[in-house]
$ cat coords37.txt   # compact mmCIF, C-alpha atoms and all ligand atoms
# COMPACT_ATOMS: atom_id res chain seq x y z
CA MET R 131 16.92 -42.68 9.59
CA GLU R 132 13.33 -41.75 10.43
CA HIS R 133 10.74 -42.86 7.87
CA ILE R 134 7.53 -40.85 7.38
CA HIS R 135 4.74 -40.70 4.80
CA CYS R 136 4.57 -36.98 4.21
CA LEU R 137 7.14 -34.30 4.92
CA ILE R 138 6.05 -30.68 4.63
CA ILE R 139 8.83 -28.10 4.47
CA GLY R 140 7.75 -24.59 5.45
CA SER R 141 5.10 -23.05 7.68
CA GLY R 142 3.29 -20.34 5.75
CA PRO R 143 -0.37 -20.55 4.66
CA ALA R 144 0.60 -23.09 1.95
CA GLY R 145 2.43 -25.44 4.34
CA TYR R 146 -0.22 -25.36 7.07
CA THR R 147 -3.07 -25.83 4.60
CA ALA R 148 -1.25 -28.79 3.06
CA ALA R 149 -0.81 -30.12 6.61
CA ILE R 150 -4.52 -29.79 7.42
CA TYR R 151 -5.49 -31.76 4.31
CA ALA R 152 -2.70 -34.33 4.59
CA ALA R 153 -3.46 -34.95 8.27
CA ARG R 154 -7.20 -35.38 7.65
CA ALA R 155 -6.32 -37.85 4.87
CA GLY R 156 -4.35 -39.93 7.36
CA LEU R 157 -0.86 -39.20 5.96
CA LYS R 158 0.48 -38.30 9.44
CA PRO R 159 2.39 -35.29 8.09
CA VAL R 160 5.48 -33.91 9.77
CA LEU R 161 5.95 -30.19 9.14
CA TYR R 162 9.25 -28.40 9.65
CA GLN R 163 8.70 -24.71 10.32
CA GLY R 164 11.98 -23.42 8.92
CA GLU R 165 13.89 -20.28 9.84
CA GLU R 166 10.85 -17.98 9.82
CA PRO R 167 7.98 -19.92 11.44
CA GLY R 168 4.69 -18.65 10.05
CA GLY R 169 6.37 -17.08 7.02
CA GLN R 170 5.73 -13.64 5.62
CA LEU R 171 2.37 -13.11 7.31
CA MET R 172 4.18 -12.91 10.65
CA LEU R 173 5.49 -9.57 9.39
CA THR R 174 2.08 -8.20 8.47
CA THR R 175 -0.48 -6.35 10.55
CA GLU R 176 -4.07 -6.55 9.39
CA VAL R 177 -5.09 -9.03 6.69
CA GLU R 178 -8.43 -7.91 5.28
CA ASN R 179 -8.73 -10.18 2.27
CA PHE R 180 -8.51 -13.69 3.73
CA PRO R 181 -12.01 -15.18 3.32
CA GLY R 182 -13.75 -16.08 6.55
CA TYR R 183 -12.57 -13.08 8.56
CA PRO R 184 -15.18 -10.37 7.87
CA GLU R 185 -13.55 -7.99 10.35
CA GLY R 186 -9.99 -8.75 9.17
CA VAL R 187 -7.35 -10.62 11.18
CA GLN R 188 -3.81 -9.88 12.32
CA GLY R 189 -1.21 -11.81 10.28
CA PRO R 190 0.38 -13.58 13.30
CA GLN R 191 -3.09 -14.53 14.58
CA LEU R 192 -4.01 -16.03 11.22
CA MET R 193 -0.84 -18.12 11.28
CA ALA R 194 -1.48 -19.23 14.89
CA ASP R 195 -4.99 -20.29 13.82
CA LEU R 196 -3.66 -22.24 10.84
CA GLU R 197 -1.04 -23.96 13.01
CA ALA R 198 -3.65 -24.92 15.61
CA GLN R 199 -5.92 -26.29 12.88
CA ALA R 200 -3.07 -28.38 11.41
CA LYS R 201 -2.19 -29.75 14.87
CA ARG R 202 -5.82 -30.53 15.66
CA PHE R 203 -5.81 -33.23 12.99
CA GLY R 204 -2.49 -34.70 14.07
CA THR R 205 0.17 -32.82 12.13
CA GLU R 206 3.47 -33.01 13.93
CA VAL R 207 4.83 -29.47 13.81
CA ARG R 208 8.58 -29.36 14.48
CA THR R 209 11.06 -26.52 14.79
CA GLY R 210 14.04 -27.03 12.51
CA PHE R 211 15.41 -26.08 9.14
CA VAL R 212 15.83 -28.48 6.24
CA THR R 213 19.41 -27.78 5.19
CA ALA R 214 19.79 -30.33 2.37
CA VAL R 215 17.87 -32.88 0.36
CA ASP R 216 18.78 -35.96 -1.66
CA LEU R 217 16.24 -36.60 -4.38
CA VAL R 218 18.30 -38.85 -6.66
CA GLY R 219 16.41 -41.80 -8.11
CA ASP R 220 13.58 -42.80 -5.79
CA ASN R 221 15.26 -41.18 -2.80
CA LYS R 222 13.29 -38.58 -0.91
CA ILE R 223 15.67 -37.75 1.88
CA ALA R 224 15.77 -34.50 3.83
CA ILE R 225 18.46 -33.49 6.29
CA VAL R 226 17.30 -31.27 9.13
CA ASP R 227 19.69 -28.82 10.79
CA GLU R 228 22.62 -30.49 8.99
CA LYS R 229 22.38 -33.76 10.89
CA TYR R 230 18.96 -35.39 11.31
CA LYS R 231 17.91 -37.58 8.35
CA ILE R 232 14.35 -38.19 7.27
CA ASN R 233 13.20 -40.53 4.51
CA ALA R 234 9.77 -39.45 3.27
CA ASP R 235 7.35 -41.14 0.87
CA THR R 236 6.25 -37.71 -0.33
CA ILE R 237 7.60 -34.21 0.17
CA ILE R 238 5.55 -31.03 -0.04
CA ILE R 239 7.71 -27.96 -0.52
CA SER R 240 6.26 -24.73 0.82
CA THR R 241 9.42 -22.82 1.64
CA GLY R 242 8.11 -19.46 0.40
CA ALA R 243 10.21 -16.52 -0.63
CA SER R 244 12.53 -14.13 1.26
CA ALA R 245 13.05 -10.38 1.09
CA LYS R 246 15.56 -9.03 -1.42
CA TRP R 247 18.27 -6.52 -0.49
CA LEU R 248 20.01 -3.89 -2.58
CA GLY R 249 23.39 -5.52 -1.99
CA LEU R 250 25.26 -2.40 -0.87
CA PRO R 251 28.09 -3.02 1.63
CA SER R 252 26.78 -0.23 3.89
CA GLU R 253 23.28 -1.76 3.85
CA LYS R 254 24.68 -5.17 4.82
CA ARG R 255 26.93 -3.81 7.56
CA LEU R 256 24.21 -1.76 9.25
CA ARG R 257 21.65 -4.53 8.85
CA GLU R 258 23.91 -7.07 10.51
CA ALA R 259 24.74 -4.59 13.27
CA GLY R 260 21.06 -3.97 13.99
CA GLY R 261 21.65 -0.35 13.11
CA GLY R 262 18.29 0.51 11.56
CA VAL R 263 18.28 -1.31 8.20
CA SER R 264 15.18 -3.45 7.80
CA SER R 265 12.94 -5.23 5.31
CA CYS R 266 9.90 -5.02 7.54
CA ALA R 267 8.27 -1.72 8.42
CA VAL R 268 5.65 -3.40 10.55
CA CYS R 269 8.32 -5.12 12.65
CA ASP R 270 10.76 -2.25 13.00
CA GLY R 271 8.85 0.96 12.24
CA PHE R 272 8.11 1.38 15.94
CA PHE R 273 11.80 2.09 16.63
CA HIS R 274 11.57 5.17 14.40
CA ARG R 275 8.55 6.89 15.90
CA LYS R 276 8.53 10.62 15.16
CA LYS R 277 11.79 10.24 13.21
CA ARG R 278 12.74 10.45 9.54
CA VAL R 279 13.08 7.27 7.48
CA VAL R 280 13.79 6.13 3.93
CA ILE R 281 12.07 3.31 2.08
CA VAL R 282 13.26 1.86 -1.24
CA GLY R 283 10.87 0.26 -3.72
CA ALA R 284 7.87 1.09 -5.86
CA GLY R 285 5.66 -1.99 -5.71
CA ASP R 286 2.58 -2.66 -3.58
CA SER R 287 4.75 -3.75 -0.65
CA ALA R 288 6.76 -0.53 -0.68
CA CYS R 289 3.56 1.54 -0.83
CA GLU R 290 1.96 -0.43 1.98
CA GLU R 291 5.04 -0.09 4.16
CA ALA R 292 5.53 3.60 3.32
CA ALA R 293 1.93 4.34 4.32
CA TYR R 294 2.43 2.38 7.54
CA LEU R 295 5.63 4.28 8.35
CA ALA R 296 4.00 7.62 7.55
CA ASN R 297 1.52 7.01 10.39
CA ILE R 298 4.27 6.77 12.98
CA CYS R 299 7.26 8.65 11.57
CA GLU R 300 7.77 12.36 11.09
CA LYS R 301 8.84 12.02 7.46
CA VAL R 302 9.17 9.20 4.92
CA TYR R 303 11.30 9.43 1.77
CA MET R 304 10.34 6.88 -0.86
CA ILE R 305 13.10 6.05 -3.34
CA VAL R 306 11.78 4.97 -6.75
CA ARG R 307 14.29 3.96 -9.40
CA ARG R 308 12.14 4.73 -12.45
CA ASP R 309 9.91 7.71 -13.28
CA GLU R 310 6.83 5.77 -12.24
CA MET R 311 5.76 3.18 -9.71
CA ARG R 312 4.94 -0.45 -10.36
CA ALA R 313 2.31 -0.50 -7.58
CA SER R 314 -1.44 -0.66 -8.27
CA LYS R 315 -3.26 2.67 -8.59
CA ILE R 316 -5.00 2.29 -5.25
CA MET R 317 -1.74 1.65 -3.41
CA GLN R 318 -0.05 4.57 -5.16
CA ALA R 319 -2.94 6.81 -4.12
CA ARG R 320 -2.47 5.72 -0.52
CA VAL R 321 1.12 6.97 -0.63
CA LYS R 322 0.45 10.12 -2.62
CA ASN R 323 -2.26 11.17 -0.19
CA LYS R 324 0.11 11.22 2.76
CA GLU R 325 1.55 14.66 3.34
CA ASN R 326 4.65 13.39 5.07
CA ILE R 327 5.73 11.04 2.26
CA GLU R 328 8.08 12.52 -0.31
CA ILE R 329 8.63 10.41 -3.43
CA LEU R 330 12.01 10.72 -5.15
CA TYR R 331 11.74 9.32 -8.69
CA ASN R 332 14.63 8.28 -10.98
CA SER R 333 16.64 7.68 -7.84
CA GLN R 334 18.96 4.93 -6.63
CA THR R 335 20.58 4.43 -3.26
CA GLU R 336 24.36 4.85 -3.35
CA GLU R 337 25.13 4.45 0.33
CA VAL R 338 23.50 4.11 3.70
CA ILE R 339 25.48 6.51 5.86
CA GLY R 340 26.29 5.80 9.51
CA ASN R 341 28.78 3.95 11.68
CA GLU R 342 26.70 2.04 14.19
CA PHE R 343 23.29 3.41 13.25
CA VAL R 344 21.72 4.81 10.11
CA GLU R 345 22.30 8.57 10.01
CA GLY R 346 21.66 9.46 6.38
CA VAL R 347 21.24 8.08 2.88
CA LYS R 348 23.10 9.09 -0.28
CA ILE R 349 20.84 9.05 -3.33
CA PHE R 350 21.78 9.40 -7.00
CA ASN R 351 19.23 10.96 -9.35
CA ASP R 352 20.04 9.63 -12.81
CA LYS R 353 17.85 12.15 -14.63
CA GLU R 354 19.57 15.15 -13.07
CA ASN R 355 22.84 13.23 -12.89
CA LYS R 356 23.57 14.31 -9.33
CA SER R 357 23.74 12.91 -5.83
CA ILE R 358 22.03 14.24 -2.74
CA ILE R 359 22.32 13.27 0.90
CA LEU R 360 19.17 12.84 2.96
CA GLU R 361 20.18 13.80 6.50
CA ASN R 362 18.87 13.01 9.98
CA ILE R 363 17.56 9.62 8.90
CA SER R 364 17.19 6.88 11.52
CA GLY R 365 15.75 3.98 9.52
CA PHE R 366 16.39 2.50 6.08
CA PHE R 367 13.71 0.13 4.81
CA VAL R 368 14.01 -2.04 1.73
CA ALA R 369 10.87 -3.31 -0.02
CA ILE R 370 12.02 -4.43 -3.47
CA GLY R 371 10.51 -7.88 -3.75
CA HIS R 372 11.43 -11.42 -2.82
CA THR R 373 13.57 -14.40 -3.78
CA PRO R 374 12.12 -17.93 -3.66
CA ASN R 375 13.75 -20.19 -1.07
CA THR R 376 14.82 -22.98 -3.40
CA ASN R 377 18.58 -23.17 -3.02
CA ILE R 378 18.64 -26.69 -1.56
CA PHE R 379 16.56 -28.03 -4.48
CA LYS R 380 18.62 -26.60 -7.32
CA ASP R 381 20.40 -29.88 -8.15
CA PHE R 382 17.16 -31.82 -8.35
CA LEU R 383 14.11 -29.77 -9.31
CA GLU R 384 13.30 -27.69 -12.36
CA MET R 385 13.09 -23.95 -11.75
CA ASP R 386 12.63 -20.80 -13.80
CA GLU R 387 15.41 -18.26 -14.24
CA GLN R 388 14.49 -16.54 -10.96
CA GLY R 389 14.55 -19.79 -9.01
CA TYR R 390 10.80 -20.35 -8.66
CA LEU R 391 9.97 -24.08 -8.74
CA LEU R 392 8.18 -25.21 -11.88
CA THR R 393 5.04 -27.28 -11.44
CA GLU R 394 2.91 -29.13 -13.95
CA LYS R 395 0.05 -26.92 -15.12
CA GLY R 396 -3.05 -27.32 -12.95
CA SER R 397 -1.24 -29.32 -10.26
CA SER R 398 1.50 -29.08 -7.66
CA LYS R 399 3.66 -31.79 -9.31
CA THR R 400 7.33 -30.98 -9.78
CA ASN R 401 9.52 -32.82 -12.29
CA LEU R 402 10.13 -35.55 -9.68
CA LYS R 403 7.47 -38.07 -8.70
CA GLY R 404 6.23 -37.67 -5.14
CA ILE R 405 7.64 -34.16 -4.74
CA PHE R 406 5.09 -31.36 -4.75
CA ALA R 407 5.40 -27.57 -4.45
CA CYS R 408 2.90 -24.98 -3.26
CA GLY R 409 2.73 -21.33 -2.19
CA ASP R 410 5.10 -18.51 -3.07
CA VAL R 411 7.99 -20.89 -3.81
CA GLN R 412 6.24 -21.74 -7.10
CA ASP R 413 4.04 -18.67 -7.61
CA LYS R 414 5.47 -15.32 -8.59
CA THR R 415 2.21 -14.05 -10.04
CA TYR R 416 -0.48 -14.09 -7.39
CA ARG R 417 1.47 -14.41 -4.12
CA GLN R 418 -1.52 -14.03 -1.85
CA ALA R 419 -2.17 -15.86 1.41
CA ILE R 420 -5.36 -17.33 0.00
CA THR R 421 -3.77 -18.53 -3.25
CA ALA R 422 -0.92 -20.03 -1.23
CA ALA R 423 -3.45 -21.80 0.99
CA GLY R 424 -5.35 -23.06 -2.06
CA SER R 425 -2.18 -24.42 -3.61
CA GLY R 426 -1.32 -26.12 -0.29
CA CYS R 427 -4.63 -27.96 -0.50
CA ILE R 428 -3.80 -29.04 -4.06
CA ALA R 429 -0.36 -30.30 -2.98
CA ALA R 430 -1.83 -32.43 -0.18
CA LEU R 431 -4.43 -33.92 -2.52
CA ASP R 432 -1.72 -34.65 -5.10
CA ALA R 433 0.44 -36.29 -2.42
CA GLU R 434 -2.47 -38.40 -1.20
CA ARG R 435 -3.28 -39.55 -4.75
CA TYR R 436 0.37 -40.31 -5.45
CA LEU R 437 0.57 -42.53 -2.35
CA ALA R 438 -2.75 -44.24 -3.14
CA GLU R 439 -1.62 -45.03 -6.70
CA LYS R 440 1.73 -46.31 -5.44
CA GLU R 441 0.03 -48.55 -2.91
CA ALA R 442 -2.43 -49.83 -5.54
CA SER R 443 0.39 -50.65 -7.94
CA LEU R 444 2.08 -52.74 -5.24
CA LEU R 445 -1.12 -54.77 -4.78
CA VAL R 446 -1.41 -55.67 -8.49
P1 LIG O 1 7.29 -6.22 -6.73
O1 LIG O 1 8.17 -7.18 -7.43
O2 LIG O 1 5.90 -6.02 -7.21
O3 LIG O 1 7.98 -4.78 -6.73
C1 LIG O 1 9.33 -4.62 -6.42
C2 LIG O 1 9.66 -3.14 -6.56
O4 LIG O 1 11.00 -2.94 -6.12
C3 LIG O 1 9.55 -2.63 -7.98
O5 LIG O 1 8.97 -1.38 -8.01
C4 LIG O 1 11.03 -2.55 -8.43
O6 LIG O 1 11.28 -1.51 -9.31
C5 LIG O 1 11.71 -2.25 -7.12
N1 LIG O 1 13.10 -2.72 -7.14
C6 LIG O 1 13.55 -3.97 -7.40
N2 LIG O 1 14.88 -4.02 -7.30
C7 LIG O 1 15.28 -2.77 -6.98
C8 LIG O 1 16.53 -2.18 -6.75
N3 LIG O 1 17.66 -2.90 -6.80
N4 LIG O 1 16.58 -0.87 -6.45
C9 LIG O 1 15.45 -0.14 -6.36
N5 LIG O 1 14.22 -0.65 -6.57
C10 LIG O 1 14.14 -1.95 -6.88
O7 LIG O 1 7.33 -6.68 -5.20
P2 LIG O 1 6.33 -6.35 -3.99
O8 LIG O 1 6.99 -6.99 -2.84
O9 LIG O 1 6.02 -4.93 -3.91
O10 LIG O 1 4.99 -7.13 -4.35
C11 LIG O 1 5.01 -8.53 -4.58
C12 LIG O 1 3.59 -9.00 -4.93
O11 LIG O 1 2.74 -8.91 -3.78
C13 LIG O 1 2.94 -8.16 -6.01
O12 LIG O 1 2.18 -9.00 -6.83
C14 LIG O 1 2.03 -7.24 -5.23
O13 LIG O 1 0.93 -6.80 -5.98
C15 LIG O 1 1.61 -8.11 -4.06
N6 LIG O 1 1.27 -7.28 -2.87
C16 LIG O 1 0.00 -6.86 -2.72
C17 LIG O 1 -0.35 -6.07 -1.65
C18 LIG O 1 -1.75 -5.63 -1.49
O14 LIG O 1 -2.51 -5.73 -2.46
N7 LIG O 1 -2.16 -5.15 -0.34
C19 LIG O 1 0.63 -5.66 -0.64
C20 LIG O 1 1.96 -6.13 -0.91
C21 LIG O 1 2.25 -6.90 -1.99
P3 LIG O 1 10.79 -1.52 -10.85
O15 LIG O 1 9.32 -1.23 -10.80
O16 LIG O 1 11.60 -0.44 -11.46
O17 LIG O 1 11.11 -2.88 -11.38
$ encode --input "coords37.txt" --output "structure tokens"
Amino acid sequence: MEHIHCLIIGSGPAGYTAAIYAARAGLKPVLYQGEEPGGQLMLTTEVENFPGYPEGVQGPQLMADLEAQAKRFGTEVRTGFVTAVDLVGDNKIAIVDEKYKINADTIIISTGASAKWLGLPSEKRLREAGGGVSSCAVCDGFFHRKKRVVIVGAGDSACEEAAYLANICEKVYMIVRRDEMRASKIMQARVKNKENIEILYNSQTEEVIGNEFVEGVKIFNDKENKSIILENISGFFVAIGHTPNTNIFKDFLEMDEQGYLLTEKGSSKTNLKGIFACGDVQDKTYRQAITAAGSGCIAALDAERYLAEKEASLLV
């Protein structure tokens, strides 16, 4: 079994920032990138609110910059997915890709959160077949240029993606389950100002229609108590929020009812000594790249202090 000082799981802004700080502190961190290297920002276009980029920066470029900065100070960035952990007693063991075992003195968890789906069989089938069901307008909108698409959701993400799609598609239907949107006023205005976006309130998706590719979408309006079929649709986008990636920790770490890791107030400490959490995996409130990065810094400082205290106690 390989022994390391500091294992960082996840490669979003939180993980890379933790790596920068841990590496500069001499912890020789090893960072596993996970299934989606770079995390959610890889699916974004322009990021205008990350301090230090007055002209804005493309999401993938920001992540490439963070990775390069982490490597510059000696972080070992590895491809691989941590498939299990053993955190019983003093154990801090991670198993990578179901076989490779690592024993770490500290673990920083920055596994982020993943897109939610509606859970309809038709959605799943067409998504798995690559038939035009997607959770990322920026990634897949291009395939629907000058076509008609549907997007589900009413938060800031749905508004952002709907506005993006409206710039390239002929028509965008936005399916909102209540009679109002959750999104901020400014994001709602962005959607409402687009002539080719039609918002269908009080509406739920019943079925994504199509054999190999999306062809239409069946919508139920619960106010009028009737279903309609939107025809000639080529893309079905889902933007209804995210689920924290915490499944492998559920037997060991305290979480809230939605699965977000719980940390001690004002720190990144989980309920287990030497295990720290940062970024979207423990933050369902702010969920910004900059807050994730800030919490990554906190996690690295907490890990460094934990190791220093442990070392000092051995010397007494
Ligand atoms: P949110 O949790 O804010 O919104 C999810 C939306 O999906 C809600 O409107 C919800 O409806 C709807 N929804 C959930 N489940 C279903 C379902 N089964 N069927 C239909 N609709 C459903 O997630 P977001 O991803 O939009 O945003 C996450 C965070 O990121 C927020 O804090 C947001 O402000 C932030 N953000 C900010 C941006 C910006 O400022 N540029 C851009 C993107 C995100 P309901 O309202 O009825 O619950």
$ closest_residue --input "coords37.txt" --among "R:Ala369, R:Leu295, R:Val212, R:Ala259" --to "Gly271 in chain R" --atoms "all atoms listed in the file"
R:Leu295
$ atom_distance --input "coords37.txt" --atom1 "CA of Ile316 in chain R" --atom2 "atom P3 of ligand LIG 1 (chain O)"
17.2 Å
$ residues_near_ligand --input "coords37.txt" --ligand "ligand LIG 1 (chain O)" --cutoff "8 Å" --atoms "only C-alpha atoms and all ligand atoms" --output "number ranges by chain"
R: 245-249, 282-290, 305-308, 310-314, 317, 334-335, 369-372, 414-418
$ atom_distance --input "coords37.txt" --atom1 "CA of Tyr151 in chain R" --atom2 "CA of Asp381 in chain R"
28.8 Å
$ residues_around --input "coords37.txt" --residues "Phe272 in chain R" --least-positions-apart "4" --cutoff "9 Å" --atoms "all atoms listed in the file" --output "short mmCIF file (atom, residue, chain, number, x, y, z; two decimals) with C-alpha atoms, keeping the file's coordinate frame"
data_model
loop_
_atom_site.label_atom_id
_atom_site.label_comp_id
_atom_site.auth_asym_id
_atom_site.auth_seq_id
_atom_site.Cartn_x
_atom_site.Cartn_y
_atom_site.Cartn_z
CA ALA R 267 8.27 -1.72 8.42
CA VAL R 268 5.65 -3.40 10.55
CA LEU R 295 5.63 4.28 8.35
CA ILE R 298 4.27 6.77 12.98
CA CYS R 299 7.26 8.65 11.57
#
$ closest_residue --input "coords37.txt" --among "R:Asn351, R:Thr400, R:Thr205, R:Thr213" --to "Ile237 in chain R" --atoms "all atoms listed in the file"
R:Thr400
$ closest_residue --input "coords37.txt" --among "R:Leu391, R:Ile281, R:Leu444, R:Ala433" --to "Phe366 in chain R" --atoms "only C-alpha atoms"
R:Ile281
$ residues_around --input "coords37.txt" --residues "range 263-266 of chain R" --least-positions-apart "5" --cutoff "7 Å" --atoms "all atoms listed in the file" --output "list in words"
Leu173, Ala245, Glu253, Leu256, Arg257, Gly365, Phe366, Phe367, Val368 and Ala369 of chain R
$ closest_residue --input "coords37.txt" --among "R:Leu196, R:Cys136, R:Ala234, R:Ile150" --to "Ala419 in chain R" --atoms "only C-alpha atoms"
R:Leu196
$ residues_around --input "coords37.txt" --residues "range 434-441 of chain R" --least-positions-apart "2" --cutoff "12 Å" --atoms "only C-alpha atoms" --output "ChimeraX atom specification"
/R:135-136,148-149,151-159,234-238,397-399,402-406,427-432,443-446
$ write_last_selection --input "coords37.txt" --atoms "C-alpha atoms" --output "PDB file, in the frame of the given file"
ATOM      1  CA  HIS R 135       4.740 -40.700   4.800  1.00  0.00           C
ATOM      2  CA  CYS R 136       4.570 -36.980   4.210  1.00  0.00           C
ATOM      3  CA  ALA R 148      -1.250 -28.790   3.060  1.00  0.00           C
ATOM      4  CA  ALA R 149      -0.810 -30.120   6.610  1.00  0.00           C
ATOM      5  CA  TYR R 151      -5.490 -31.760   4.310  1.00  0.00           C
ATOM      6  CA  ALA R 152      -2.700 -34.330   4.590  1.00  0.00           C
ATOM      7  CA  ALA R 153      -3.460 -34.950   8.270  1.00  0.00           C
ATOM      8  CA  ARG R 154      -7.200 -35.380   7.650  1.00  0.00           C
ATOM      9  CA  ALA R 155      -6.320 -37.850   4.870  1.00  0.00           C
ATOM     10  CA  GLY R 156      -4.350 -39.930   7.360  1.00  0.00           C
ATOM     11  CA  LEU R 157      -0.860 -39.200   5.960  1.00  0.00           C
ATOM     12  CA  LYS R 158       0.480 -38.300   9.440  1.00  0.00           C
ATOM     13  CA  PRO R 159       2.390 -35.290   8.090  1.00  0.00           C
ATOM     14  CA  ALA R 234       9.770 -39.450   3.270  1.00  0.00           C
ATOM     15  CA  ASP R 235       7.350 -41.140   0.870  1.00  0.00           C
ATOM     16  CA  THR R 236       6.250 -37.710  -0.330  1.00  0.00           C
ATOM     17  CA  ILE R 237       7.600 -34.210   0.170  1.00  0.00           C
ATOM     18  CA  ILE R 238       5.550 -31.030  -0.040  1.00  0.00           C
ATOM     19  CA  SER R 397      -1.240 -29.320 -10.260  1.00  0.00           C
ATOM     20  CA  SER R 398       1.500 -29.080  -7.660  1.00  0.00           C
ATOM     21  CA  LYS R 399       3.660 -31.790  -9.310  1.00  0.00           C
ATOM     22  CA  LEU R 402      10.130 -35.550  -9.680  1.00  0.00           C
ATOM     23  CA  LYS R 403       7.470 -38.070  -8.700  1.00  0.00           C
ATOM     24  CA  GLY R 404       6.230 -37.670  -5.140  1.00  0.00           C
ATOM     25  CA  ILE R 405       7.640 -34.160  -4.740  1.00  0.00           C
ATOM     26  CA  PHE R 406       5.090 -31.360  -4.750  1.00  0.00           C
ATOM     27  CA  CYS R 427      -4.630 -27.960  -0.500  1.00  0.00           C
ATOM     28  CA  ILE R 428      -3.800 -29.040  -4.060  1.00  0.00           C
ATOM     29  CA  ALA R 429      -0.360 -30.300  -2.980  1.00  0.00           C
ATOM     30  CA  ALA R 430      -1.830 -32.430  -0.180  1.00  0.00           C
ATOM     31  CA  LEU R 431      -4.430 -33.920  -2.520  1.00  0.00           C
ATOM     32  CA  ASP R 432      -1.720 -34.650  -5.100  1.00  0.00           C
ATOM     33  CA  SER R 443       0.390 -50.650  -7.940  1.00  0.00           C
ATOM     34  CA  LEU R 444       2.080 -52.740  -5.240  1.00  0.00           C
ATOM     35  CA  LEU R 445      -1.120 -54.770  -4.780  1.00  0.00           C
ATOM     36  CA  VAL R 446      -1.410 -55.670  -8.490  1.00  0.00           C
TER      37      VAL R 446
END
